[in-house]
$ cat coords.txt   # compact mmCIF, C-alpha atoms and all ligand atoms
# COMPACT_ATOMS: atom_id res chain seq x y z
CA MET A 1 23.85 -41.18 -15.18
CA LYS A 2 22.62 -43.45 -12.37
CA LYS A 3 24.74 -41.53 -9.87
CA ASN A 4 23.25 -38.25 -11.03
CA PHE A 5 19.76 -39.67 -10.64
CA LYS A 6 20.55 -40.71 -7.07
CA ALA A 7 21.94 -37.24 -6.37
CA LEU A 8 18.71 -35.78 -7.70
CA VAL A 9 16.63 -38.09 -5.49
CA VAL A 10 18.75 -37.15 -2.44
CA ALA A 11 18.42 -33.46 -3.30
CA LEU A 12 14.67 -33.87 -3.77
CA PHE A 13 14.33 -35.74 -0.49
CA ALA A 14 16.35 -33.04 1.26
CA LEU A 15 14.16 -30.39 -0.29
CA LEU A 16 10.99 -32.18 0.78
CA LEU A 17 12.44 -32.54 4.26
CA LEU A 18 13.24 -28.83 4.32
CA ILE A 19 9.69 -28.05 3.37
CA ALA A 20 8.32 -30.55 5.86
CA VAL A 21 10.51 -29.62 8.85
CA PRO A 22 9.11 -26.18 9.68
CA THR A 23 5.49 -27.39 9.41
CA THR A 24 6.11 -30.35 11.71
CA SER A 25 8.04 -28.34 14.29
CA ARG A 26 5.37 -25.61 14.32
CA ALA A 27 2.70 -28.19 15.05
CA ASP A 28 4.72 -30.02 17.72
CA LYS A 29 6.13 -27.08 19.64
CA PRO A 30 3.84 -24.95 21.77
CA ARG A 31 3.42 -21.60 20.11
CA LYS A 32 3.54 -18.57 22.40
CA GLY A 33 1.44 -15.51 21.77
CA LYS A 34 3.48 -12.38 21.11
CA PRO A 35 2.46 -8.72 21.48
CA ALA A 36 3.23 -8.19 17.78
CA ASP A 37 0.48 -10.72 16.89
CA ALA A 38 -2.24 -8.28 17.97
CA LYS A 39 -3.80 -6.20 15.21
CA THR A 40 -4.16 -2.48 15.82
CA LEU A 41 -7.91 -1.98 15.92
CA SER A 42 -9.55 1.41 15.48
CA TYR A 43 -13.19 2.37 15.94
CA THR A 44 -15.55 5.16 14.90
CA PRO A 45 -18.13 5.29 17.69
CA LYS A 46 -21.65 6.56 17.12
CA HIS A 47 -22.92 9.65 18.93
CA VAL A 48 -25.84 9.21 21.33
CA ALA A 49 -27.70 11.72 23.51
CA GLU A 50 -26.44 12.35 27.02
CA GLY A 51 -28.11 9.84 29.37
CA HIS A 52 -28.85 7.31 26.59
CA VAL A 53 -26.29 4.87 27.95
CA ARG A 54 -26.33 3.91 31.61
CA ALA A 55 -23.67 1.71 33.16
CA ASP A 56 -26.23 -0.55 34.83
CA GLY A 57 -25.77 -4.00 33.31
CA ASN A 58 -28.88 -3.64 31.12
CA LEU A 59 -27.56 -3.67 27.54
CA GLY A 60 -30.76 -2.71 25.68
CA GLU A 61 -29.50 0.77 24.76
CA TRP A 62 -26.52 -0.54 22.74
CA GLY A 63 -28.87 -1.45 19.89
CA ALA A 64 -27.23 -2.09 16.55
CA ALA A 65 -23.80 -0.63 17.40
CA LYS A 66 -21.23 -3.03 15.91
CA PRO A 67 -18.48 -4.43 18.16
CA ILE A 68 -14.87 -5.10 17.28
CA HIS A 69 -13.87 -8.66 18.06
CA PHE A 70 -10.43 -9.72 19.28
CA GLU A 71 -9.07 -13.13 20.27
CA THR A 72 -5.44 -13.34 19.09
CA ILE A 73 -3.39 -14.22 22.15
CA ILE A 74 -0.36 -12.04 22.89
CA SER A 75 0.90 -13.98 25.91
CA GLY A 76 0.48 -17.58 27.11
CA GLU A 77 0.89 -20.74 25.07
CA TYR A 78 -1.66 -21.84 22.51
CA GLU A 79 -1.38 -25.50 23.43
CA TYR A 80 -1.55 -25.24 27.23
CA ASP A 81 -3.05 -21.91 28.20
CA TRP A 82 -5.63 -21.20 25.49
CA THR A 83 -7.97 -23.73 23.96
CA SER A 84 -10.51 -21.71 21.93
CA PRO A 85 -12.32 -18.35 21.76
CA ARG A 86 -14.49 -19.73 24.57
CA ASP A 87 -11.36 -19.74 26.77
CA LEU A 88 -10.68 -16.07 26.04
CA SER A 89 -12.01 -13.68 23.41
CA ALA A 90 -13.73 -10.31 23.60
CA ASP A 91 -16.06 -7.89 21.84
CA LEU A 92 -15.74 -4.16 22.37
CA THR A 93 -18.49 -1.69 21.44
CA VAL A 94 -18.06 2.07 21.86
CA LEU A 95 -20.57 4.96 21.85
CA TYR A 96 -20.11 8.56 22.94
CA SER A 97 -22.36 11.28 24.26
CA PRO A 98 -21.39 14.96 24.75
CA LEU A 99 -19.77 14.25 28.12
CA TYR A 100 -18.97 10.53 28.19
CA LEU A 101 -17.21 7.78 26.33
CA HIS A 102 -19.29 4.60 26.74
CA LEU A 103 -17.67 1.19 26.44
CA LEU A 104 -19.21 -2.24 26.43
CA LEU A 105 -16.59 -4.94 26.86
CA GLN A 106 -18.03 -8.45 26.58
CA VAL A 107 -15.47 -11.09 27.51
CA LYS A 108 -15.81 -14.80 26.86
CA ASP A 109 -13.83 -16.63 29.54
CA ASN A 110 -14.49 -20.26 30.50
CA VAL A 111 -13.44 -19.76 34.15
CA VAL A 112 -13.83 -16.33 35.74
CA THR A 113 -11.38 -16.14 38.61
CA GLY A 114 -10.01 -13.62 41.09
CA ARG A 115 -6.50 -13.30 42.54
CA HIS A 116 -5.37 -16.45 44.36
CA ARG A 117 -1.72 -17.27 45.29
CA ARG A 118 0.34 -17.13 42.07
CA VAL A 119 -2.86 -16.80 40.01
CA LYS A 120 -3.23 -13.07 39.38
CA GLY A 121 -6.87 -13.29 38.33
CA ASP A 122 -8.85 -12.08 35.32
CA ARG A 123 -8.29 -8.37 34.69
CA VAL A 124 -9.00 -5.71 32.13
CA GLU A 125 -6.91 -2.65 31.31
CA LEU A 126 -8.10 0.29 29.23
CA TRP A 127 -5.45 2.64 27.86
CA SER A 128 -5.90 6.02 26.28
CA GLY A 129 -3.30 8.61 25.40
CA GLY A 130 -0.65 6.71 27.37
CA LYS A 131 -1.57 8.28 30.70
CA LYS A 132 -2.72 6.48 33.81
CA LYS A 133 -5.85 8.01 35.32
CA THR A 134 -7.64 7.60 38.61
CA VAL A 135 -10.79 5.50 38.35
CA SER A 136 -12.96 7.47 40.80
CA GLN A 137 -14.91 9.32 38.10
CA ILE A 138 -15.57 6.26 35.98
CA GLU A 139 -18.96 4.56 36.13
CA LEU A 140 -18.64 0.82 35.78
CA PHE A 141 -21.04 -2.08 36.00
CA ALA A 142 -19.66 -5.61 35.90
CA THR A 143 -21.88 -8.61 35.22
CA ALA A 144 -20.52 -12.12 35.78
CA LEU A 145 -21.94 -14.61 33.32
CA GLY A 146 -21.64 -18.38 33.12
CA ASN A 147 -19.22 -18.12 30.20
CA GLY A 148 -17.43 -14.83 30.91
CA TYR A 149 -18.30 -11.31 32.02
CA ASP A 150 -19.57 -7.95 30.72
CA PHE A 151 -18.26 -4.52 31.63
CA GLU A 152 -20.42 -1.52 30.88
CA ILE A 153 -18.28 1.55 31.44
CA SER A 154 -18.80 5.32 31.13
CA ILE A 155 -15.70 7.52 31.25
CA PRO A 156 -15.91 11.35 31.24
CA LEU A 157 -14.44 12.61 27.96
CA ALA A 158 -12.86 15.46 29.92
CA LEU A 159 -10.87 12.89 31.92
CA LEU A 160 -9.39 11.61 28.66
CA ASN A 161 -8.79 15.18 27.40
CA ALA A 162 -11.06 14.10 24.55
CA ARG A 163 -13.74 16.82 24.58
CA PRO A 164 -12.05 18.97 21.93
CA ALA A 165 -11.91 15.88 19.69
CA VAL A 166 -15.61 14.92 19.78
CA VAL A 167 -16.57 16.93 16.71
CA ASN A 168 -13.93 15.62 14.34
CA GLY A 169 -10.84 14.21 15.96
CA ASP A 170 -9.37 11.11 17.51
CA ILE A 171 -7.75 9.77 20.66
CA GLY A 172 -5.43 6.80 21.13
CA PHE A 173 -7.08 3.74 22.65
CA CYS A 174 -6.24 0.14 23.57
CA ALA A 175 -8.09 -2.53 25.58
CA LEU A 176 -6.14 -5.38 27.21
CA VAL A 177 -7.87 -8.45 28.69
CA ARG A 178 -5.96 -10.88 30.94
CA ASP A 179 -7.04 -14.43 31.72
CA TRP A 180 -6.24 -16.95 34.45
CA ASP A 181 -8.30 -20.10 34.82
CA ALA A 182 -6.52 -21.75 37.82
CA ASP A 183 -6.69 -25.13 36.07
CA ASP A 184 -2.98 -26.03 35.90
CA ASP A 185 0.05 -25.51 38.20
CA ASN A 186 2.15 -24.44 35.19
CA GLU A 187 -0.48 -22.05 33.89
CA ASP A 188 0.72 -18.80 32.33
CA GLU A 189 -1.33 -15.67 31.98
CA VAL A 190 -3.12 -15.37 28.63
CA ALA A 191 -3.77 -11.92 27.24
CA ILE A 192 -5.57 -10.47 24.23
CA ALA A 193 -5.65 -6.82 23.21
CA THR A 194 -6.88 -4.38 20.57
CA CYS A 195 -3.31 -3.23 19.90
CA PRO A 196 0.20 -4.77 20.07
CA ILE A 197 0.68 -3.78 23.72
CA HIS A 198 3.24 -5.74 25.78
CA PRO A 199 1.25 -7.37 28.61
CA ARG A 200 4.19 -7.31 31.04
CA LYS A 201 5.09 -3.70 30.22
CA SER A 202 1.63 -2.31 29.59
CA LYS A 203 2.37 0.84 31.63
CA ARG A 204 4.97 1.80 29.04
CA ILE A 205 2.49 1.83 26.16
CA LYS A 206 2.97 4.75 23.78
CA ASN A 207 0.27 6.60 21.87
CA GLU A 208 1.74 5.31 18.55
CA THR A 209 1.08 1.71 19.65
CA MET A 210 -2.61 2.30 20.29
CA GLY A 211 -5.51 2.19 17.86
CA LYS A 212 -7.71 5.26 17.39
CA LEU A 213 -11.19 6.17 18.47
CA HIS A 214 -12.33 8.55 15.78
CA PHE A 215 -15.19 10.91 16.60
CA ASN A 216 -17.32 12.23 13.77
CA TYR A 217 -20.08 14.42 15.15
CA LEU A 218 -19.32 16.89 12.34
CA GLU A 219 -20.54 14.28 9.85
CA GLU A 220 -23.84 14.02 11.70
CA ILE A 221 -24.19 17.82 11.70
CA TRP A 222 -23.37 17.86 8.01
CA LYS A 223 -26.01 15.24 7.22
CA ALA A 224 -28.62 17.21 9.18
CA LEU A 225 -27.60 20.38 7.31
CA GLN A 226 -27.94 18.66 3.97
CA ALA A 227 -31.43 17.48 4.94
CA GLN A 228 -32.35 21.13 5.54
CA ASN A 229 -30.69 22.70 2.52
CA GLU A 230 -30.78 21.13 -0.91
CA ALA A 231 -27.96 23.28 -2.25
CA LEU A 232 -25.59 21.73 0.27
CA VAL A 233 -26.35 18.25 -1.01
CA LYS A 234 -25.32 18.70 -4.61
CA ASN A 235 -21.69 19.73 -4.33
CA GLU A 236 -18.53 18.09 -3.17
CA THR A 237 -16.92 19.46 -0.05
CA THR A 238 -13.84 21.34 -1.07
CA PHE A 239 -12.67 23.06 2.07
CA ASP A 240 -12.91 22.01 5.69
CA GLN A 241 -11.23 23.85 8.49
CA ALA A 242 -11.45 23.63 12.27
CA MET A 243 -11.62 27.08 13.83
CA ASP A 244 -12.21 28.50 17.24
CA LEU A 245 -15.34 30.59 16.63
CA THR A 246 -17.05 30.21 20.01
CA PRO A 247 -15.58 30.33 23.51
CA ASN A 248 -15.83 26.67 24.49
CA ALA A 249 -13.87 23.46 24.57
CA ILE A 250 -15.29 22.01 21.36
CA ASP A 251 -13.92 22.89 17.95
CA ASP A 252 -16.04 24.90 15.52
CA TYR A 253 -15.90 24.33 11.82
CA VAL A 254 -15.81 26.24 8.61
CA HIS A 255 -17.23 23.82 6.09
CA ILE A 256 -17.16 24.98 2.51
CA GLN A 257 -18.64 23.37 -0.53
CA GLN A 258 -18.01 24.59 -4.02
CA ASN A 259 -20.98 26.95 -4.09
CA ASN A 260 -21.79 27.40 -0.45
CA LEU A 261 -19.82 28.48 2.52
CA ALA A 262 -21.34 27.19 5.70
CA ILE A 263 -20.05 28.45 9.01
CA ILE A 264 -20.94 25.94 11.65
CA THR A 265 -20.63 27.06 15.24
CA ILE A 266 -20.73 24.28 17.73
CA ALA A 267 -21.67 25.13 21.29
CA ASP A 268 -20.69 23.21 24.36
CA GLY A 269 -24.17 22.60 25.74
CA GLN A 270 -22.90 20.08 28.35
CA ALA A 271 -26.02 17.90 28.08
CA SER A 272 -25.91 18.15 24.30
CA ILE A 273 -23.62 19.42 21.57
CA GLU A 274 -25.53 22.34 20.08
CA TRP A 275 -24.82 23.75 16.67
CA SER A 276 -25.99 26.51 14.41
CA TRP A 277 -25.00 27.53 10.91
CA GLN A 278 -25.17 30.22 8.30
CA THR A 279 -24.17 30.40 4.66
CA LEU A 280 -22.28 33.45 3.41
CA PRO A 281 -22.81 35.25 0.08
CA ILE A 282 -19.74 33.92 -1.70
CA PRO A 283 -20.20 33.78 -5.52
CA GLN A 284 -21.21 30.48 -7.10
CA ASN A 285 -17.92 29.88 -8.93
CA ALA A 286 -15.57 31.04 -6.16
CA ARG A 287 -12.56 28.97 -5.13
CA ILE A 288 -11.73 29.50 -1.45
CA LEU A 289 -8.06 30.30 -0.85
CA GLU A 290 -8.03 31.10 2.85
CA VAL A 291 -10.28 31.56 5.86
CA LYS A 292 -8.82 33.36 8.85
CA LYS A 293 -9.67 35.29 11.97
CA ILE A 294 -8.96 39.00 12.01
CA LYS A 295 -8.25 40.36 15.49
CA GLN A 296 -10.33 43.39 16.35
CA GLU A 297 -10.46 45.43 19.51
CA LYS A 298 -14.11 44.64 20.30
CA LYS A 299 -15.15 41.66 18.21
CA ASP A 300 -13.02 39.48 15.96
CA LYS A 301 -14.03 39.08 12.34
CA LEU A 302 -13.72 36.27 9.84
CA GLN A 303 -12.01 36.97 6.55
CA ILE A 304 -12.60 34.71 3.55
CA THR A 305 -10.27 35.11 0.58
CA TYR A 306 -11.33 33.58 -2.73
CA ARG A 307 -10.72 33.70 -6.44
CA ILE A 308 -13.27 33.58 -9.25
CA GLU A 309 -12.70 31.15 -12.11
CA GLY A 310 -11.03 32.88 -15.10
CA ASP A 311 -10.10 35.93 -13.00
CA ASN A 312 -6.72 36.38 -11.31
CA ASP A 313 -7.86 38.89 -8.69
CA ARG A 314 -8.18 37.85 -5.08
CA HIS A 315 -11.48 38.79 -3.50
CA GLN A 316 -12.34 39.08 0.16
CA TYR A 317 -15.49 38.79 2.18
CA ILE A 318 -15.51 39.96 5.79
CA CYS A 319 -18.02 38.37 8.14
CA ASP A 320 -18.74 40.58 11.18
CA ASP A 321 -20.95 38.10 13.02
CA CYS A 322 -19.16 34.81 12.49
CA ILE A 323 -17.07 34.85 15.68
CA SER A 324 -18.79 35.10 19.01
CA GLN A 325 -16.02 35.55 21.55
CA CA B 401 -26.89 -0.06 30.26
CA CA B 402 -10.10 -18.70 30.23
CA CA B 403 -10.33 -16.81 33.47
$ encode --input "coords.txt" --output "structure tokens"
Amino acid sequence: MKKNFKALVVALFALLLLIAVPTTSRADKPRKGKPADAKTLSYTPKHVAEGHVRADGNLGEWGAAKPIHFETIISGEYEYDWTSPRDLSADLTVLYSPLYLHLLLQVKDNVVTGRHRRVKGDRVELWSGGKKKTVSQIELFATALGNGYDFEISIPLALLNARPAVVNGDIGFCALVRDWDADDDNEDEVAIATCPIHPRKSKRIKNETMGKLHFNYLEEIWKALQAQNEALVKNETTFDQAMDLTPNAIDDYVHIQQNNLAIITIADGQASIEWSWQTLPIPQNARILEVKKIKQEKKDKLQITYRIEGDNDRHQYICDDCISQ
């Protein structure tokens, strides 16, 4: 009986030790940041008029746009290379206008340093779609602050092949911020990012690794439409289809609610995204089955196929003036 009790105490002690060991070793051993630690962050930027944002270091135009914050280190050691979010952390805010993607990257970094001997210096990398682009067409304003630096950046959407996506689409995106403080001979580079990118192999980043910038200008159009037309407010959207109705780089939309079919044509106005709309005389209780373009010699037409509740026949409405190319 006594022997069994001792065995139980030994087993209990061993168990306690097992529980205690990992905690102690985690606290004692420097923990390295790993790429997999970074969360994949996505963002739905707000649309602003062309010219609203200027990459000039004055941040007044960013208003209430909410940033995404990131500070999980993906390289360097917590104990030696990173002390707190004041050492390295960042906030990223994104806006877009018809022609530009606007980024505000605000980095907290206790010592802002350039390249010096083995110290590679503080650097920022922005990745989109996995392709490396020349920087000549990018407008950038850098402001050094006492506790870090701000980058205000405008990138042409065309450069990112993102113009077709501005109405209702997304592009891959990842921001990587590197930090050296030149405070220790054994210093390693610290990095943080908005996706689990590998800091030493960042050029190999794939689109699947990145987060998404989702553009939703269609939602803004839809809200404006609803403000103009009460009937569009009451019903749920039941059908939503991107279609090429005008000859430009931006997608047009066929947006159908239960009782209203709204054709929204979106024009590439360069300085603004222009849109117009019309509703078609589809019966109140119609269920849309298909919307498609019918090729014609002179002018293409739009064919809408629908069914009426309680009736098995398929009906069609042909719109002669819905397609402008
Ligand atoms: Ca500005
Ligand atoms: Ca630092
Ligand atoms: Ca630094």
$ closest_residue --input "coords.txt" --among "A:Trp277, A:Trp82, A:Phe173, A:Phe70" --to "ligand CA 403 (chain B)" --atoms "only C-alpha atoms and all ligand atoms"
A:Trp82
$ residues_near_ligand --input "coords.txt" --ligand "ligand CA 403 (chain B)" --cutoff "9 Å" --atoms "only C-alpha atoms and all ligand atoms" --output "number ranges by chain"
A: 87-88, 108-114, 121-123, 148, 178-182, 190
$ residues_near_ligand --input "coords.txt" --ligand "ligand CA 401 (chain B)" --cutoff "8 Å" --atoms "only C-alpha atoms and all ligand atoms" --output "list in words"
Val53, Arg54, Ala55, Asp56, Gly57, Asn58, Leu59, Gly60, Glu61, Trp62 and Glu152 of chain A
$ closest_residue --input "coords.txt" --among "A:Asp37, A:Asp150, A:Glu189, A:Glu139" --to "ligand CA 402 (chain B)" --atoms "all atoms listed in the file"
A:Glu189
$ closest_residue --input "coords.txt" --among "A:Trp275, A:Trp127, A:Tyr100, A:Phe215" --to "Ile155 (chain A)" --atoms "only C-alpha atoms"
A:Tyr100
$ atom_distance --input "coords.txt" --atom1 "CA of Glu79 (chain A)" --atom2 "atom CA of ligand CA 402 (chain B)"
13.0 Å
$ atom_distance --input "coords.txt" --atom1 "CA of Leu218 (chain A)" --atom2 "CA of Leu95 (chain A)"
15.3 Å
$ residues_around --input "coords.txt" --residues "Gly269 (chain A)" --least-positions-apart "5" --cutoff "10 Å" --atoms "only C-alpha atoms" --output "JSON, numbers by chain"
{"A": [98, 99, 248, 250, 274, 275]}
$ atom_distance --input "coords.txt" --atom1 "CA of Lys203 (chain A)" --atom2 "CA of Lys46 (chain A)"
28.6 Å
